[in-house]
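As provided, structure_23.txt (compact mmCIF, C-alpha atoms) reads as follows.
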# COMPACT_ATOMS: atom_id res chain seq x y z
CA ILE A 135 -58.36 -97.47 91.65
CA ASP A 136 -60.08 -96.04 88.57
CA ALA A 137 -58.27 -92.73 89.09
CA LEU A 138 -54.90 -94.48 89.21
CA CYS A 139 -55.59 -96.72 86.21
CA PRO A 140 -57.70 -94.63 83.80
CA PRO A 141 -56.63 -96.32 80.54
CA TRP A 142 -57.13 -99.89 81.68
CA LYS A 143 -60.60 -99.96 83.23
CA PRO A 144 -59.62 -102.44 85.98
CA LYS A 145 -61.92 -105.25 87.01
CA ILE A 146 -62.47 -106.40 90.59
CA LEU A 147 -62.94 -110.06 91.53
CA THR A 148 -64.10 -110.58 95.11
CA ILE A 149 -64.47 -113.91 96.91
CA LEU A 150 -66.67 -114.10 100.00
CA CYS A 151 -66.12 -116.71 102.68
CA ASP A 152 -68.71 -117.51 105.32
CA PRO A 153 -68.16 -114.61 107.76
CA VAL A 154 -68.07 -116.79 110.88
CA GLU A 155 -65.45 -119.04 109.30
CA ARG A 156 -63.55 -115.97 108.10
CA ALA A 157 -63.38 -114.45 111.60
CA TRP A 158 -62.16 -117.73 113.10
CA SER A 159 -59.58 -118.26 110.34
CA HIS A 160 -58.33 -114.71 110.83
CA TYR A 161 -57.84 -115.35 114.54
CA ARG A 162 -55.95 -118.59 113.91
CA MET A 163 -53.71 -116.77 111.45
CA ASP A 164 -52.87 -114.17 114.10
CA VAL A 165 -52.06 -116.93 116.58
CA ARG A 166 -49.73 -118.55 114.07
CA LYS A 167 -47.99 -115.25 113.36
CA SER A 168 -47.54 -114.64 117.09
CA GLN A 169 -45.73 -117.96 117.35
CA GLN A 170 -43.45 -117.36 114.39
CA ARG A 171 -42.36 -113.81 115.08
CA VAL A 172 -41.28 -111.99 118.21
CA PRO A 173 -43.40 -113.53 120.98
CA MET A 174 -46.50 -111.49 121.65
CA THR A 175 -49.67 -111.99 123.61
CA ILE A 176 -52.82 -112.70 121.59
CA PRO A 177 -56.11 -112.31 123.47
CA SER A 178 -58.54 -115.19 123.40
CA PHE A 179 -61.03 -115.34 120.56
CA ALA A 180 -63.80 -114.67 123.10
CA GLU A 181 -62.01 -111.50 124.18
CA ARG A 182 -61.54 -110.41 120.59
CA VAL A 183 -65.27 -110.88 119.98
CA ARG A 184 -66.11 -108.95 123.16
CA ARG A 185 -63.94 -106.01 122.11
CA GLY A 186 -65.38 -106.01 118.61
CA ILE A 187 -68.98 -105.94 119.84
CA ASP A 188 -68.19 -103.16 122.34
CA ASP A 189 -66.67 -101.20 119.48
CA PHE A 190 -69.75 -101.77 117.31
CA ILE A 191 -71.94 -100.34 120.05
CA SER A 192 -69.64 -97.34 120.55
CA ASN A 193 -69.77 -96.58 116.82
CA GLY A 194 -73.51 -97.02 116.35
CA LEU A 195 -73.38 -100.30 114.44
CA LEU A 196 -75.29 -101.97 117.28
CA ASN A 197 -77.58 -100.47 119.90
CA VAL A 198 -77.11 -100.45 123.64
CA GLY A 199 -79.08 -103.44 124.87
CA THR A 200 -77.03 -105.92 122.89
CA MET A 201 -76.28 -108.95 125.06
CA SER A 202 -72.61 -109.56 125.77
CA LEU A 203 -71.02 -112.85 124.76
CA GLN A 204 -70.59 -113.81 128.40
CA ASP A 205 -74.26 -113.17 129.20
CA PHE A 206 -75.27 -115.06 126.05
CA GLN A 207 -73.22 -118.07 127.11
CA THR A 208 -74.72 -117.93 130.60
CA SER A 209 -78.21 -117.79 129.10
CA LEU A 210 -77.48 -120.83 126.95
CA ALA A 211 -76.18 -122.76 129.94
CA ASN A 212 -79.34 -122.02 131.93
CA ASN A 213 -81.91 -122.47 129.17
CA SER A 214 -82.25 -125.37 126.74
CA ASP A 215 -84.61 -123.46 124.42
CA VAL A 216 -83.31 -122.10 121.12
CA PRO A 217 -82.41 -118.48 121.90
CA SER A 218 -83.41 -115.37 120.03
CA SER A 219 -80.84 -112.90 118.79
CA PRO A 220 -78.65 -111.32 121.47
CA PHE A 221 -78.11 -108.29 119.25
CA ALA A 222 -80.03 -105.02 119.25
CA PHE A 223 -79.69 -103.86 115.65
CA PRO A 224 -80.60 -100.28 114.73
CA LYS A 225 -83.97 -100.31 113.00
CA ASN A 226 -84.63 -99.06 109.48
CA VAL A 227 -80.96 -98.57 108.69
CA THR A 228 -80.16 -98.80 104.98
CA ILE A 229 -77.08 -100.34 103.44
CA GLU A 230 -76.00 -96.79 102.58
CA LYS A 231 -76.23 -95.72 106.21
CA TYR A 232 -74.24 -98.73 107.36
CA ALA A 233 -71.64 -98.01 104.70
CA GLN A 234 -71.25 -94.48 106.11
CA LEU A 235 -70.94 -95.84 109.63
CA PHE A 236 -68.23 -98.19 108.39
CA GLU A 237 -66.39 -95.28 106.81
CA ASP A 238 -66.35 -93.55 110.19
CA TYR A 239 -65.32 -96.81 111.87
CA LYS A 240 -62.40 -97.80 109.65
CA GLU A 241 -59.71 -96.30 111.88
CA SER A 242 -60.68 -98.62 114.72
CA LYS A 243 -58.13 -101.19 115.87
CA GLU A 244 -60.91 -103.73 116.47
CA GLY A 245 -61.60 -104.44 112.83
CA HIS A 246 -61.66 -108.23 112.82
CA LEU A 247 -65.43 -108.72 113.02
CA ILE A 248 -66.41 -105.89 110.70
CA ARG A 249 -64.66 -107.50 107.75
CA GLY A 250 -67.43 -110.09 107.62
CA LEU A 251 -70.24 -107.51 107.30
CA TYR A 252 -69.97 -107.80 103.55
CA ALA A 253 -72.92 -105.91 102.09
CA PRO A 254 -72.10 -102.41 103.40
CA LEU A 255 -68.39 -102.96 102.74
CA LEU A 256 -69.10 -103.91 99.13
CA LEU A 257 -71.49 -101.03 98.45
CA PRO A 258 -68.86 -98.49 97.24
CA TRP A 259 -67.34 -101.15 94.97
CA VAL A 260 -70.74 -102.02 93.52
CA LYS A 261 -71.43 -98.36 92.80
CA GLN A 262 -68.05 -97.83 91.14
CA PHE A 263 -67.57 -101.05 89.18
CA ALA A 264 -70.81 -103.04 88.81
CA ALA A 265 -72.65 -100.79 86.35
CA ASP A 266 -70.29 -101.63 83.48
CA ASP A 267 -69.70 -105.25 84.55
CA ARG A 268 -66.33 -104.72 86.17
CA LEU A 269 -67.17 -106.37 89.49
CA MET A 270 -67.57 -110.10 90.06
CA VAL A 271 -68.39 -111.54 93.48
CA MET A 272 -67.92 -115.27 94.03
CA LYS A 273 -68.73 -117.63 96.89
CA PHE A 274 -65.64 -119.23 98.37
CA LYS A 275 -67.09 -122.74 98.57
CA GLU A 276 -68.14 -122.63 94.92
CA MET A 277 -65.02 -121.07 93.46
CA TRP A 278 -63.35 -124.33 92.44
CA ASN A 279 -66.16 -125.89 90.48
CA GLU A 280 -65.60 -125.90 86.74
CA THR A 281 -68.43 -123.48 85.97
CA SER A 282 -67.16 -120.86 88.41
CA VAL A 283 -63.59 -121.15 87.12
CA ASP A 284 -64.80 -120.68 83.54
CA GLU A 285 -66.89 -117.65 84.58
CA ALA A 286 -63.87 -116.10 86.31
CA PHE A 287 -61.73 -116.55 83.21
CA ARG A 288 -64.38 -114.96 81.00
CA PHE A 289 -64.79 -112.07 83.43
CA ALA A 290 -61.05 -111.44 83.48
CA GLY A 291 -60.96 -111.52 79.70
CA VAL A 292 -58.21 -114.13 79.57
CA ALA A 293 -57.99 -117.24 77.47
CA ASP A 294 -59.51 -120.34 79.01
CA THR A 295 -56.69 -121.88 81.00
CA SER A 296 -56.64 -125.62 81.35
CA ILE A 297 -56.67 -126.80 84.96
CA ASP A 298 -55.90 -130.39 85.72
CA ASP A 299 -59.17 -132.17 86.62
CA GLU A 300 -57.59 -133.88 89.62
CA ARG A 301 -56.21 -130.62 90.96
CA LEU A 302 -59.58 -128.90 90.47
CA ALA A 303 -61.38 -131.72 92.28
CA ASN A 304 -58.90 -131.52 95.17
CA LYS A 305 -59.40 -127.78 95.51
CA LYS A 306 -63.17 -128.21 95.43
CA LYS A 307 -63.01 -130.88 98.16
CA LYS A 308 -60.98 -128.63 100.43
CA THR A 309 -63.28 -125.64 100.07
CA THR A 310 -66.49 -127.63 100.57
CA THR A 311 -65.29 -129.70 103.54
CA GLY A 312 -63.56 -126.94 105.47
CA GLU A 313 -60.11 -128.31 104.70
CA GLY A 314 -59.46 -125.17 102.73
CA ASP A 315 -59.01 -122.99 105.79
CA HIS A 316 -56.08 -120.69 105.13
CA HIS A 317 -53.19 -123.02 104.30
CA ALA A 318 -50.87 -121.01 106.54
CA ASN A 319 -53.01 -121.99 109.54
CA LYS A 320 -52.08 -125.65 109.27
CA GLY A 321 -50.60 -126.87 112.52
CA ILE A 322 -52.70 -124.51 114.62
CA GLU A 323 -54.89 -127.03 116.42
CA MET A 324 -57.79 -125.06 117.84
CA SER A 325 -61.54 -125.59 117.99
CA LEU A 326 -64.15 -122.87 117.79
CA ASP A 327 -66.38 -122.78 120.85
CA PRO A 328 -69.89 -123.60 119.55
CA THR A 329 -71.47 -120.91 121.75
CA ILE A 330 -69.23 -118.26 120.17
CA GLN A 331 -70.03 -119.68 116.75
CA LEU A 332 -73.76 -119.33 117.43
CA TYR A 333 -73.29 -115.79 118.77
CA LEU A 334 -71.53 -114.76 115.57
CA LYS A 335 -74.18 -116.41 113.41
CA PHE A 336 -76.74 -114.12 115.03
CA LEU A 337 -74.48 -111.16 114.27
CA TYR A 338 -73.83 -111.93 110.63
CA GLN A 339 -77.10 -113.42 109.38
CA PRO A 340 -78.97 -110.08 108.90
CA PHE A 341 -76.03 -108.68 106.93
CA ASN A 342 -75.78 -111.82 104.83
CA ARG A 343 -79.40 -111.26 103.83
CA LEU A 344 -78.55 -107.80 102.53
CA LEU A 345 -76.31 -109.35 99.88
CA ALA A 346 -79.30 -110.43 97.80
CA GLN A 347 -80.53 -106.84 97.84
CA LEU A 348 -77.11 -105.60 96.74
CA LEU A 349 -75.87 -108.34 94.39
CA GLY A 350 -79.00 -110.05 93.13
CA GLU A 351 -81.27 -112.99 93.84
CA GLU A 352 -78.51 -115.59 93.32
CA TRP A 353 -77.30 -114.55 96.77
CA ASP A 354 -80.70 -115.11 98.34
CA GLY A 355 -80.29 -117.68 101.12
CA TRP A 356 -76.51 -117.50 101.26
CA GLY A 357 -75.30 -117.36 104.86
CA GLU A 358 -78.68 -118.39 106.28
CA TYR A 359 -77.96 -120.07 109.60
CA GLY A 360 -81.55 -120.71 110.63
CA VAL A 361 -81.29 -118.59 113.77
CA ALA A 362 -84.18 -116.42 114.97
CA GLU A 363 -83.72 -112.67 115.00
CA LYS A 364 -84.98 -110.21 117.57
CA ALA A 365 -84.79 -106.87 115.80
CA ALA A 366 -85.27 -105.88 112.17
CA MET A 367 -82.46 -104.28 110.20

Do you think you could lay out the structure here as structure tokens?
Amino acid sequence: IDALCPPWKPKILTILCDPVERAWSHYRMDVRKSQQRVPMTIPSFAERVRRGIDDFISNGLLNVGTMSLQDFQTSLANNSDVPSSPFAFPKNVTIEKYAQLFEDYKESKEGHLIRGLYAPLLLPWVKQFAADDRLMVMKFKEMWNETSVDEAFRFAGVADTSIDDERLANKKKKTTTGEGDHHANKGIEMSLDPTIQLYLKFLYQPFNRLLAQLLGEEWDGWGEYGVAEKAAM
């Protein structure tokens, strides 16, 4: 981007949604598209997760020994105790190493889950744009409060634009209650299986924790699901 726009010094504004919610919203969007265009078969969300995890293992993002979604669901059905992580994460892997693995992975067709592993994906952008304050990363559920809107305007270097208080309050309500799921997904009545939701929380929580290391302490605690982990990053 810098090479294409040398005179303008572009700025990058990134908004992060909870990665579990993002993956589910992405799936619902694909279902909607499959209904509106030429009919096509969309695998179940469980199947999409299974393929994504298999791909992670094949590409070194997870170790062999990771529990499959099906085995995790069976374990939950047979045991009332709070489970530990079903994932075998590589130990002592830095954000830089994960970023390199992602670079090698990017041609994969099973890219739906990886888009929520934010810290390694953001690393090249942080290196390129953060040093001279040309990168701003916002939390989706906070983006419509007045303070965040003002900060975004200042970052962009534009005049403070008046936003109707009622409209701002409505936007804030939608993003904090879950009503703000991609507007194009309205009419797609589907519920996320809670066992799949828990499985994905175990997947994403360690990567969410890396955001504080990358972006600063204001991200400490973001994306904490309160699930126990089995292996250190």

| message | Just want the 10 Å neighbourhood of Leu334 (chain A), counted on only C-alpha atoms, with same-chain residues fewer than 3 positions away dropped. Output as JSON, numbers by chain. | response | {"A": [153, 154, 155, 157, 183, 203, 220, 221, 247, 328, 329, 330, 331, 337, 338, 339]}

| request: Identify, on the basis of all atoms listed in the file, every residue whose closest approach to Arg249 (chain A) does not exceed 12 Å; exclude the query and any residue fewer than 6 positions from it along the same chain; express the result as a VMD selection string. | output: chain A and resid 150 to 158 160 186 236 239 to 240 242 255 to 256 338 341

Store the residues picked out above, limited to C-alpha atoms, as a PDB file, in the coordinates of the input.
ATOM      1  CA  LEU A 150     -66.670-114.100 100.000  1.00  0.00           C
ATOM      2  CA  CYS A 151     -66.120-116.710 102.680  1.00  0.00           C
ATOM      3  CA  ASP A 152     -68.710-117.510 105.320  1.00  0.00           C
ATOM      4  CA  PRO A 153     -68.160-114.610 107.760  1.00  0.00           C
ATOM      5  CA  VAL A 154     -68.070-116.790 110.880  1.00  0.00           C
ATOM      6  CA  GLU A 155     -65.450-119.040 109.300  1.00  0.00           C
ATOM      7  CA  ARG A 156     -63.550-115.970 108.100  1.00  0.00           C
ATOM      8  CA  ALA A 157     -63.380-114.450 111.600  1.00  0.00           C
ATOM      9  CA  TRP A 158     -62.160-117.730 113.100  1.00  0.00           C
ATOM     10  CA  HIS A 160     -58.330-114.710 110.830  1.00  0.00           C
ATOM     11  CA  GLY A 186     -65.380-106.010 118.610  1.00  0.00           C
ATOM     12  CA  PHE A 236     -68.230 -98.190 108.390  1.00  0.00           C
ATOM     13  CA  TYR A 239     -65.320 -96.810 111.870  1.00  0.00           C
ATOM     14  CA  LYS A 240     -62.400 -97.800 109.650  1.00  0.00           C
ATOM     15  CA  SER A 242     -60.680 -98.620 114.720  1.00  0.00           C
ATOM     16  CA  LEU A 255     -68.390-102.960 102.740  1.00  0.00           C
ATOM     17  CA  LEU A 256     -69.100-103.910  99.130  1.00  0.00           C
ATOM     18  CA  TYR A 338     -73.830-111.930 110.630  1.00  0.00           C
ATOM     19  CA  PHE A 341     -76.030-108.680 106.930  1.00  0.00           C
TER      20      PHE A 341
END

| CA of Ser219 (chain A) and CA of Gln204 (chain A), how far apart in Å? |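 Computing it gives 14.1 Å between the two atoms.
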
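Proximity to Val271 (chain A) was assessed for A:Phe289, A:Trp142, A:Gly194, A:Leu210 counting all atoms listed in the file; the smallest distance is recorded for A:Phe289.
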
Polymer residues at most 12 Å from Ile149 (chain A), all atoms listed in the file, same-chain spacing of 4 or more positions, as a compact mmCIF listing (two decimals) with C-alpha atoms, keeping the file's coordinate frame:
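Output file around.txt is given in full below:
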# COMPACT_ATOMS: atom_id res chain seq x y z
CA PRO A 153 -68.16 -114.61 107.76
CA ARG A 156 -63.55 -115.97 108.10
CA GLY A 250 -67.43 -110.09 107.62
CA TYR A 252 -69.97 -107.80 103.55
CA LEU A 256 -69.10 -103.91 99.13
CA LEU A 269 -67.17 -106.37 89.49
CA MET A 270 -67.57 -110.10 90.06
CA VAL A 271 -68.39 -111.54 93.48
CA MET A 272 -67.92 -115.27 94.03
CA LYS A 273 -68.73 -117.63 96.89
CA PHE A 274 -65.64 -119.23 98.37
CA LYS A 275 -67.09 -122.74 98.57
CA GLU A 276 -68.14 -122.63 94.92
CA MET A 277 -65.02 -121.07 93.46
CA TRP A 278 -63.35 -124.33 92.44
CA SER A 282 -67.16 -120.86 88.41
CA ALA A 286 -63.87 -116.10 86.31

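Here CA of Asn213 (chain A) and CA of Thr200 (chain A) stand 18.4 Å from one another.
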
| At what distance in Å, to one decimal, does CA of Arg184 (chain A) lie from CA of Leu251 (chain A)? |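 Rounded to one decimal, the two atoms are 16.5 Å apart.
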
| message | Nearest residue to Ser192 (chain A) out of A:Gln262, A:Leu345, A:Arg288, A:Asp238, using only C-alpha atoms? | response |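 For Ser192 (chain A), the nearest of the candidates is A:Asp238.
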
| query | A:Phe190, A:Trp356, A:Leu348, A:Met163: which is nearest Gly245 (chain A), counting all atoms listed in the file? | reply | A:Phe190

| request: Rank nothing, just name the residue among A:Ser202, A:Phe263, A:Leu196, A:Glu181 nearest to Thr148 (chain A), using all atoms listed in the file. | output: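 Closest residue, counting all atoms listed in the file: A:Phe263.
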
| task | Determine the nearest neighbour of Gln347 (chain A) from the options A:Val292, A:Leu326, A:Ala253, A:Ala264, counting only C-alpha atoms. | result |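 Among the listed residues, A:Ala253 lies closest to Gln347 (chain A).
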
Mind completing region 177-212 of chain A with N, CA and C atoms? Output as a PDB file, in the frame of the given file, please?
ATOM      1  N   PRO A 177     -54.945-112.056 122.612  1.00  0.00           N
ATOM      2  CA  PRO A 177     -56.110-112.310 123.470  1.00  0.00           C
ATOM      3  C   PRO A 177     -56.889-113.509 122.967  1.00  0.00           C
ATOM      4  N   SER A 178     -57.704-114.080 123.822  1.00  0.00           N
ATOM      5  CA  SER A 178     -58.540-115.190 123.400  1.00  0.00           C
ATOM      6  C   SER A 178     -59.517-114.730 122.324  1.00  0.00           C
ATOM      7  N   PHE A 179     -60.047-115.684 121.590  1.00  0.00           N
ATOM      8  CA  PHE A 179     -61.030-115.340 120.560  1.00  0.00           C
ATOM      9  C   PHE A 179     -62.271-114.717 121.216  1.00  0.00           C
ATOM     10  N   ALA A 180     -62.657-115.237 122.381  1.00  0.00           N
ATOM     11  CA  ALA A 180     -63.800-114.670 123.100  1.00  0.00           C
ATOM     12  C   ALA A 180     -63.557-113.206 123.435  1.00  0.00           C
ATOM     13  N   GLU A 181     -62.336-112.883 123.843  1.00  0.00           N
ATOM     14  CA  GLU A 181     -62.010-111.500 124.180  1.00  0.00           C
ATOM     15  C   GLU A 181     -62.012-110.631 122.932  1.00  0.00           C
ATOM     16  N   ARG A 182     -61.523-111.179 121.837  1.00  0.00           N
ATOM     17  CA  ARG A 182     -61.540-110.410 120.590  1.00  0.00           C
ATOM     18  C   ARG A 182     -62.978-110.104 120.170  1.00  0.00           C
ATOM     19  N   VAL A 183     -63.864-111.091 120.307  1.00  0.00           N
ATOM     20  CA  VAL A 183     -65.270-110.880 119.980  1.00  0.00           C
ATOM     21  C   VAL A 183     -65.869-109.820 120.903  1.00  0.00           C
ATOM     22  N   ARG A 184     -65.573-109.922 122.189  1.00  0.00           N
ATOM     23  CA  ARG A 184     -66.110-108.950 123.160  1.00  0.00           C
ATOM     24  C   ARG A 184     -65.694-107.534 122.787  1.00  0.00           C
ATOM     25  N   ARG A 185     -64.421-107.341 122.469  1.00  0.00           N
ATOM     26  CA  ARG A 185     -63.940-106.010 122.110  1.00  0.00           C
ATOM     27  C   ARG A 185     -64.606-105.506 120.830  1.00  0.00           C
ATOM     28  N   GLY A 186     -64.761-106.417 119.870  1.00  0.00           N
ATOM     29  CA  GLY A 186     -65.380-106.010 118.610  1.00  0.00           C
ATOM     30  C   GLY A 186     -66.822-105.568 118.799  1.00  0.00           C
ATOM     31  N   ILE A 187     -67.580-106.298 119.613  1.00  0.00           N
ATOM     32  CA  ILE A 187     -68.980-105.940 119.840  1.00  0.00           C
ATOM     33  C   ILE A 187     -69.071-104.621 120.612  1.00  0.00           C
ATOM     34  N   ASP A 188     -68.213-104.433 121.606  1.00  0.00           N
ATOM     35  CA  ASP A 188     -68.190-103.160 122.340  1.00  0.00           C
ATOM     36  C   ASP A 188     -67.910-102.004 121.384  1.00  0.00           C
ATOM     37  N   ASP A 189     -67.011-102.234 120.452  1.00  0.00           N
ATOM     38  CA  ASP A 189     -66.670-101.200 119.480  1.00  0.00           C
ATOM     39  C   ASP A 189     -67.836-100.920 118.540  1.00  0.00           C
ATOM     40  N   PHE A 190     -68.565-101.961 118.145  1.00  0.00           N
ATOM     41  CA  PHE A 190     -69.750-101.770 117.310  1.00  0.00           C
ATOM     42  C   PHE A 190     -70.766-100.882 118.008  1.00  0.00           C
ATOM     43  N   ILE A 191     -70.968-101.131 119.296  1.00  0.00           N
ATOM     44  CA  ILE A 191     -71.940-100.340 120.050  1.00  0.00           C
ATOM     45  C   ILE A 191     -71.471 -98.894 120.159  1.00  0.00           C
ATOM     46  N   SER A 192     -70.191 -98.696 120.418  1.00  0.00           N
ATOM     47  CA  SER A 192     -69.640 -97.340 120.550  1.00  0.00           C
ATOM     48  C   SER A 192     -69.778 -96.545 119.265  1.00  0.00           C
ATOM     49  N   ASN A 193     -69.735 -97.251 118.123  1.00  0.00           N
ATOM     50  CA  ASN A 193     -69.770 -96.580 116.820  1.00  0.00           C
ATOM     51  C   ASN A 193     -71.136 -96.596 116.159  1.00  0.00           C
ATOM     52  N   GLY A 194     -72.161 -97.074 116.887  1.00  0.00           N
ATOM     53  CA  GLY A 194     -73.510 -97.020 116.350  1.00  0.00           C
ATOM     54  C   GLY A 194     -73.895 -98.149 115.432  1.00  0.00           C
ATOM     55  N   LEU A 195     -73.042 -99.161 115.284  1.00  0.00           N
ATOM     56  CA  LEU A 195     -73.380-100.300 114.440  1.00  0.00           C
ATOM     57  C   LEU A 195     -74.337-101.250 115.139  1.00  0.00           C
ATOM     58  N   LEU A 196     -74.324-101.234 116.459  1.00  0.00           N
ATOM     59  CA  LEU A 196     -75.290-101.970 117.280  1.00  0.00           C
ATOM     60  C   LEU A 196     -75.798-101.026 118.353  1.00  0.00           C
ATOM     61  N   ASN A 197     -76.994-101.306 118.844  1.00  0.00           N
ATOM     62  CA  ASN A 197     -77.580-100.470 119.900  1.00  0.00           C
ATOM     63  C   ASN A 197     -77.189-100.976 121.279  1.00  0.00           C
ATOM     64  N   VAL A 198     -77.203-100.055 122.237  1.00  0.00           N
ATOM     65  CA  VAL A 198     -77.110-100.450 123.640  1.00  0.00           C
ATOM     66  C   VAL A 198     -78.284-101.372 123.925  1.00  0.00           C
ATOM     67  N   GLY A 199     -78.053-102.415 124.669  1.00  0.00           N
ATOM     68  CA  GLY A 199     -79.080-103.440 124.870  1.00  0.00           C
ATOM     69  C   GLY A 199     -78.668-104.750 124.245  1.00  0.00           C
ATOM     70  N   THR A 200     -77.606-104.701 123.428  1.00  0.00           N
ATOM     71  CA  THR A 200     -77.030-105.920 122.890  1.00  0.00           C
ATOM     72  C   THR A 200     -76.470-106.762 124.039  1.00  0.00           C
ATOM     73  N   MET A 201     -76.750-108.048 124.015  1.00  0.00           N
ATOM     74  CA  MET A 201     -76.280-108.950 125.060  1.00  0.00           C
ATOM     75  C   MET A 201     -74.801-109.284 124.835  1.00  0.00           C
ATOM     76  N   SER A 202     -74.019-109.222 125.893  1.00  0.00           N
ATOM     77  CA  SER A 202     -72.610-109.560 125.770  1.00  0.00           C
ATOM     78  C   SER A 202     -72.451-111.054 125.504  1.00  0.00           C
ATOM     79  N   LEU A 203     -71.295-111.436 124.996  1.00  0.00           N
ATOM     80  CA  LEU A 203     -71.020-112.850 124.760  1.00  0.00           C
ATOM     81  C   LEU A 203     -71.112-113.640 126.062  1.00  0.00           C
ATOM     82  N   GLN A 204     -70.569-113.100 127.126  1.00  0.00           N
ATOM     83  CA  GLN A 204     -70.590-113.810 128.400  1.00  0.00           C
ATOM     84  C   GLN A 204     -72.024-114.043 128.881  1.00  0.00           C
ATOM     85  N   ASP A 205     -72.860-113.017 128.784  1.00  0.00           N
ATOM     86  CA  ASP A 205     -74.260-113.170 129.200  1.00  0.00           C
ATOM     87  C   ASP A 205     -74.998-114.147 128.283  1.00  0.00           C
ATOM     88  N   PHE A 206     -74.658-114.128 126.990  1.00  0.00           N
ATOM     89  CA  PHE A 206     -75.270-115.060 126.050  1.00  0.00           C
ATOM     90  C   PHE A 206     -74.902-116.498 126.407  1.00  0.00           C
ATOM     91  N   GLN A 207     -73.657-116.726 126.738  1.00  0.00           N
ATOM     92  CA  GLN A 207     -73.220-118.070 127.110  1.00  0.00           C
ATOM     93  C   GLN A 207     -73.882-118.522 128.408  1.00  0.00           C
ATOM     94  N   THR A 208     -74.041-117.601 129.350  1.00  0.00           N
ATOM     95  CA  THR A 208     -74.720-117.930 130.600  1.00  0.00           C
ATOM     96  C   THR A 208     -76.178-118.285 130.342  1.00  0.00           C
ATOM     97  N   SER A 209     -76.813-117.520 129.452  1.00  0.00           N
ATOM     98  CA  SER A 209     -78.210-117.790 129.100  1.00  0.00           C
ATOM     99  C   SER A 209     -78.364-119.157 128.457  1.00  0.00           C
ATOM    100  N   LEU A 210     -77.424-119.526 127.588  1.00  0.00           N
ATOM    101  CA  LEU A 210     -77.480-120.830 126.950  1.00  0.00           C
ATOM    102  C   LEU A 210     -77.317-121.951 127.967  1.00  0.00           C
ATOM    103  N   ALA A 211     -76.436-121.735 128.928  1.00  0.00           N
ATOM    104  CA  ALA A 211     -76.180-122.760 129.940  1.00  0.00           C
ATOM    105  C   ALA A 211     -77.400-122.983 130.838  1.00  0.00           C
ATOM    106  N   ASN A 212     -78.205-121.942 131.012  1.00  0.00           N
ATOM    107  CA  ASN A 212     -79.340-122.020 131.930  1.00  0.00           C
ATOM    108  C   ASN A 212     -80.675-122.292 131.247  1.00  0.00           C
TER     109      ASN A 212
END
